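What follows is a single structure, written as structure tokens, with notes after it.
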Amino acid sequence: SQTIHQWPATLVQPVGSPLSLECTVEGTSNPNLYWYRQAAGRGLQLLFYSVGIGQISSEVPQNLSASRPQDRQFILSSKKLLLSDSGFYLCAWELGSGANVLTFGAGSRLTVL
Amino acid sequence: DAKTTQPTSMDCAEGRAANLPCNHSTISGNEYVYWYRQIHSQGPQYIIHGLKNNETNEMASLIITEDRKSSTLILPHATLRDTAVYYCIVFGAAGNKLTFGGGTRVLVKP
């Protein structure tokens, strides 16, 4: 069966520090991968999605970036965090054909101080 | 992708059916209707999806109107654990990204 892992689960970082959140998927090949962010009390905002290794589409301009170095690995990064980067970051995957059902990870909660 | 309109919030009595409406008047012919829910501090969970016909699974039923401009998610016997934000999304098979709206915050009360 397929599983999705995100880490770290919780992170507290100072303003201006770098960020790296990692997401991996097991049990499937060539998934479409997504990064969403949810600010406190708000809805989900799509940040990035990827249909293959090295293929990243950005949905909103920001100081975050994403990379997909391997088929089932998706990384969210920042060189210098802002206070507004605080939020709940969710990684998700789907097969991109047929049902297009997204499966989400447990999320990474980032607090920037 | 077509946009959806959902009520901001609704309450439901435990053990009763919860009927969650969604308007998607600009839906196109190849777009599916998807429902997800998000329990507090967790990732969203897929519930059900459909194109034209009504659908049922172990979690819920999805009723899509004949003109496909609206749909209703039915939780047949709501429990306290069904308290969550419910998202209705329309998504084209040719696209490759799901965009979530504000959803409906459902509170199941004892």
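We label chains A, B, ... in the order they appear in the structure tokens, count residues from 1 in each chain, and number ligands from 1 in the order shown.
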Per-residue nearest contacts of chain A to chain B (10 Å; only C-alpha atoms) as JSON lines:
```
{"residue": "A:Asn32", "atom": "CA", "partner": "B:Asn96", "partner_atom": "CA", "distance": 7.7}
{"residue": "A:Leu33", "atom": "CA", "partner": "B:Lys97", "partner_atom": "CA", "distance": 9.3}
{"residue": "A:Tyr34", "atom": "CA", "partner": "B:Lys97", "partner_atom": "CA", "distance": 8.0}
{"residue": "A:Tyr36", "atom": "CA", "partner": "B:Thr99", "partner_atom": "CA", "distance": 9.6}
{"residue": "A:Arg42", "atom": "CA", "partner": "B:Gly102", "partner_atom": "CA", "distance": 7.6}
{"residue": "A:Gly43", "atom": "CA", "partner": "B:Gly102", "partner_atom": "CA", "distance": 5.4}
{"residue": "A:Leu44", "atom": "CA", "partner": "B:Phe100", "partner_atom": "CA", "distance": 5.9}
{"residue": "A:Gln45", "atom": "CA", "partner": "B:Phe100", "partner_atom": "CA", "distance": 7.2}
{"residue": "A:Leu46", "atom": "CA", "partner": "B:Thr99", "partner_atom": "CA", "distance": 6.6}
{"residue": "A:Phe48", "atom": "CA", "partner": "B:Lys97", "partner_atom": "CA", "distance": 9.2}
{"residue": "A:Tyr49", "atom": "CA", "partner": "B:Lys97", "partner_atom": "CA", "distance": 7.1}
{"residue": "A:Ser50", "atom": "CA", "partner": "B:Asn96", "partner_atom": "CA", "distance": 8.8}
{"residue": "A:Val51", "atom": "CA", "partner": "B:Asn96", "partner_atom": "CA", "distance": 7.9}
{"residue": "A:Glu59", "atom": "CA", "partner": "B:Lys97", "partner_atom": "CA", "distance": 9.9}
{"residue": "A:Phe88", "atom": "CA", "partner": "B:Ser41", "partner_atom": "CA", "distance": 8.2}
{"residue": "A:Tyr89", "atom": "CA", "partner": "B:Gly43", "partner_atom": "CA", "distance": 9.1}
{"residue": "A:Leu90", "atom": "CA", "partner": "B:Gly43", "partner_atom": "CA", "distance": 6.6}
{"residue": "A:Cys91", "atom": "CA", "partner": "B:Gly43", "partner_atom": "CA", "distance": 8.6}
{"residue": "A:Ala92", "atom": "CA", "partner": "B:Gly43", "partner_atom": "CA", "distance": 8.9}
{"residue": "A:Glu94", "atom": "CA", "partner": "B:Asn96", "partner_atom": "CA", "distance": 9.3}
{"residue": "A:Leu95", "atom": "CA", "partner": "B:Asn96", "partner_atom": "CA", "distance": 9.7}
{"residue": "A:Gly96", "atom": "CA", "partner": "B:Asn96", "partner_atom": "CA", "distance": 6.5}
{"residue": "A:Ser97", "atom": "CA", "partner": "B:Ala93", "partner_atom": "CA", "distance": 7.5}
{"residue": "A:Gly98", "atom": "CA", "partner": "B:Ala93", "partner_atom": "CA", "distance": 7.4}
{"residue": "A:Ala99", "atom": "CA", "partner": "B:Ala93", "partner_atom": "CA", "distance": 8.2}
{"residue": "A:Asn100", "atom": "CA", "partner": "B:Ala93", "partner_atom": "CA", "distance": 7.6}
{"residue": "A:Val101", "atom": "CA", "partner": "B:Tyr46", "partner_atom": "CA", "distance": 6.9}
{"residue": "A:Leu102", "atom": "CA", "partner": "B:Tyr46", "partner_atom": "CA", "distance": 6.9}
{"residue": "A:Thr103", "atom": "CA", "partner": "B:Gln45", "partner_atom": "CA", "distance": 7.0}
{"residue": "A:Phe104", "atom": "CA", "partner": "B:Gly43", "partner_atom": "CA", "distance": 5.5}
{"residue": "A:Gly105", "atom": "CA", "partner": "B:Gly43", "partner_atom": "CA", "distance": 6.1}
{"residue": "A:Ala106", "atom": "CA", "partner": "B:Gly43", "partner_atom": "CA", "distance": 5.4}
{"residue": "A:Gly107", "atom": "CA", "partner": "B:Gly43", "partner_atom": "CA", "distance": 6.2}
{"residue": "A:Ser108", "atom": "CA", "partner": "B:Gly43", "partner_atom": "CA", "distance": 9.8}
{"residue": "A:Arg109", "atom": "CA", "partner": "B:Ser41", "partner_atom": "CA", "distance": 9.0}
```
Residues near Asn19 of chain B, anyone? I mean within 10 Å using only C-alpha atoms, not counting same-chain ones fewer than 3 positions away, as a list in words.
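Selected residues are Met10, Cys12, Arg16, Cys22, Ser61, Leu62, Ile63, Ser71, Thr72, Leu73, Ile74, Leu75, Pro76 and Ala78 of chain B.
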Could the residues in this selection be saved with C-alpha atoms as a PDB file, in the first residue's frame?
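Below is the file again17.pdb, written as the result:
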```pdb
ATOM      1  CA  MET B  10     -23.469  24.519   9.566  1.00  0.00           C
ATOM      2  CA  CYS B  12     -25.783  19.029  12.680  1.00  0.00           C
ATOM      3  CA  ARG B  16     -28.952  12.684  12.066  1.00  0.00           C
ATOM      4  CA  CYS B  22     -22.225  22.981  -3.037  1.00  0.00           C
ATOM      5  CA  SER B  61     -23.306   9.744  -0.578  1.00  0.00           C
ATOM      6  CA  LEU B  62     -22.909  12.313  -3.331  1.00  0.00           C
ATOM      7  CA  ILE B  63     -25.972  13.620  -5.126  1.00  0.00           C
ATOM      8  CA  SER B  71     -24.290  18.799  -5.585  1.00  0.00           C
ATOM      9  CA  THR B  72     -24.966  17.625  -2.046  1.00  0.00           C
ATOM     10  CA  LEU B  73     -22.766  15.533   0.184  1.00  0.00           C
ATOM     11  CA  ILE B  74     -24.770  13.420   2.597  1.00  0.00           C
ATOM     12  CA  LEU B  75     -23.337  12.006   5.790  1.00  0.00           C
ATOM     13  CA  PRO B  76     -26.091   9.530   6.656  1.00  0.00           C
ATOM     14  CA  ALA B  78     -23.346  12.101  11.652  1.00  0.00           C
TER      15      ALA B  78
END
```
My list of candidates is A:Leu81, A:Ala66, A:Val112, A:Ile53. Which is closest to Asn30 of chain A when distances are computed with only C-alpha atoms?
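With only C-alpha atoms as the atom set, the closest residue is A:Ile53.
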Which residue gives the smallest distance to Ser28 of chain B among B:Cys88, B:Leu51, B:Thr5, B:Glu58, with only C-alpha atoms counted?
B:Leu51
Hey, what's within 12 Å of Arg81 of chain B if we count only C-alpha atoms and toss same-chain stuff fewer than 5 positions away? As number ranges by chain, please?
B: 12, 14-15, 37-40, 75, 106-110
Given the selection you just returned, output its residues as a file containing N, CA and C atoms, formatted as a short mmCIF file (atom, residue, chain, number, x, y, z; two decimals), in the first residue's frame.
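Written file, part-v1.cif:
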```cif
data_model
loop_
_atom_site.label_atom_id
_atom_site.label_comp_id
_atom_site.auth_asym_id
_atom_site.auth_seq_id
_atom_site.Cartn_x
_atom_site.Cartn_y
_atom_site.Cartn_z
N CYS B 12 -25.03 20.24 12.93
CA CYS B 12 -25.78 19.03 12.68
C CYS B 12 -25.91 18.27 13.99
N GLU B 14 -26.03 14.98 16.26
CA GLU B 14 -25.44 13.64 16.23
C GLU B 14 -26.52 12.60 15.92
N GLY B 15 -26.19 11.68 15.01
CA GLY B 15 -27.12 10.63 14.64
C GLY B 15 -28.05 10.98 13.50
N ARG B 37 -12.51 16.31 3.44
CA ARG B 37 -12.75 16.94 4.73
C ARG B 37 -11.44 17.05 5.49
N GLN B 38 -11.37 18.03 6.38
CA GLN B 38 -10.17 18.25 7.17
C GLN B 38 -10.57 18.39 8.63
N ILE B 39 -10.18 17.40 9.39
CA ILE B 39 -10.36 17.45 10.84
C ILE B 39 -9.23 18.30 11.40
N HIS B 40 -9.52 19.01 12.45
CA HIS B 40 -8.59 19.98 13.01
C HIS B 40 -7.17 19.43 13.16
N LEU B 75 -23.88 12.89 4.76
CA LEU B 75 -23.34 12.01 5.79
C LEU B 75 -24.55 11.37 6.46
N VAL B 106 -18.37 22.16 9.58
CA VAL B 106 -19.50 21.39 10.11
C VAL B 106 -19.23 21.05 11.56
N LEU B 107 -20.17 21.40 12.41
CA LEU B 107 -20.08 21.06 13.84
C LEU B 107 -21.20 20.09 14.16
N VAL B 108 -20.82 18.89 14.56
CA VAL B 108 -21.81 17.89 14.97
C VAL B 108 -21.99 18.01 16.48
N LYS B 109 -23.22 18.24 16.88
CA LYS B 109 -23.52 18.46 18.31
C LYS B 109 -24.25 17.26 18.90
N PRO B 110 -23.92 16.95 20.15
CA PRO B 110 -24.60 15.81 20.79
C PRO B 110 -26.08 16.10 21.04
#
```
Any idea what the distance is between atom CA of Ala17 of chain B and atom CA of Thr56 of chain B?
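About the pair atom CA of Ala17 of chain B and atom CA of Thr56 of chain B: they are 14.1 Å apart.
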Contacts of Thr3 of chain A within 7 Å, only C-alpha atoms, excl. fewer than 5 positions in-chain, as a tab-separated table (two decimals) with all heavy atoms, in the first residue's frame:
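Output (out.tsv):
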```
chain	number	residue	atom	x	y	z
A	25	VAL	N	7.06	9.59	-0.70
A	25	VAL	CA	5.92	8.70	-0.95
A	25	VAL	C	6.47	7.31	-1.20
A	25	VAL	O	7.48	7.15	-1.89
A	25	VAL	CB	5.11	9.18	-2.17
A	25	VAL	CG1	3.93	8.26	-2.43
A	25	VAL	CG2	4.62	10.61	-1.94
A	26	GLU	N	5.82	6.32	-0.64
A	26	GLU	CA	6.23	4.93	-0.83
A	26	GLU	C	5.09	4.14	-1.47
A	26	GLU	O	3.92	4.44	-1.26
A	26	GLU	CB	6.61	4.30	0.51
A	26	GLU	CG	7.81	4.95	1.19
A	26	GLU	CD	8.10	4.33	2.55
A	26	GLU	OE1	7.35	3.44	2.97
A	26	GLU	OE2	9.08	4.75	3.18
A	27	GLY	N	5.47	3.15	-2.25
A	27	GLY	CA	4.47	2.23	-2.78
A	27	GLY	C	3.83	2.63	-4.08
A	27	GLY	O	2.83	2.03	-4.49
```
Might you pull out every residue within 9 Å of Leu21 of chain A, with only C-alpha atoms counted and same-chain residues fewer than 3 positions away left off, and present them as a PyMOL selection string?
chain A and resi 6-8+74-77+89+108
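With only C-alpha atoms taken into account, the protein and nucleic acid residues at most 12 Å from Ser25 of chain B (excluding it and anything under 6 positions from it in its own chain) are B:Asp1, B:Ala2, B:Lys3, B:Thr4, B:Thr5, B:Gln6, B:Glu31, B:Val33, B:Ile64, B:Thr65, B:Glu66, B:Asp67, B:Arg68, B:Lys69, B:Ser70, B:Ser71, B:Val90.
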Gap from atom CA of Arg105 of chain B to atom CA of Leu20 of chain B - Å, one decimal:
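Separation of atom CA of Arg105 of chain B and atom CA of Leu20 of chain B: 10.0 Å.
As for atom CA of Thr104 of chain B and atom CA of Tyr86 of chain B, they are spaced 5.1 Å apart.
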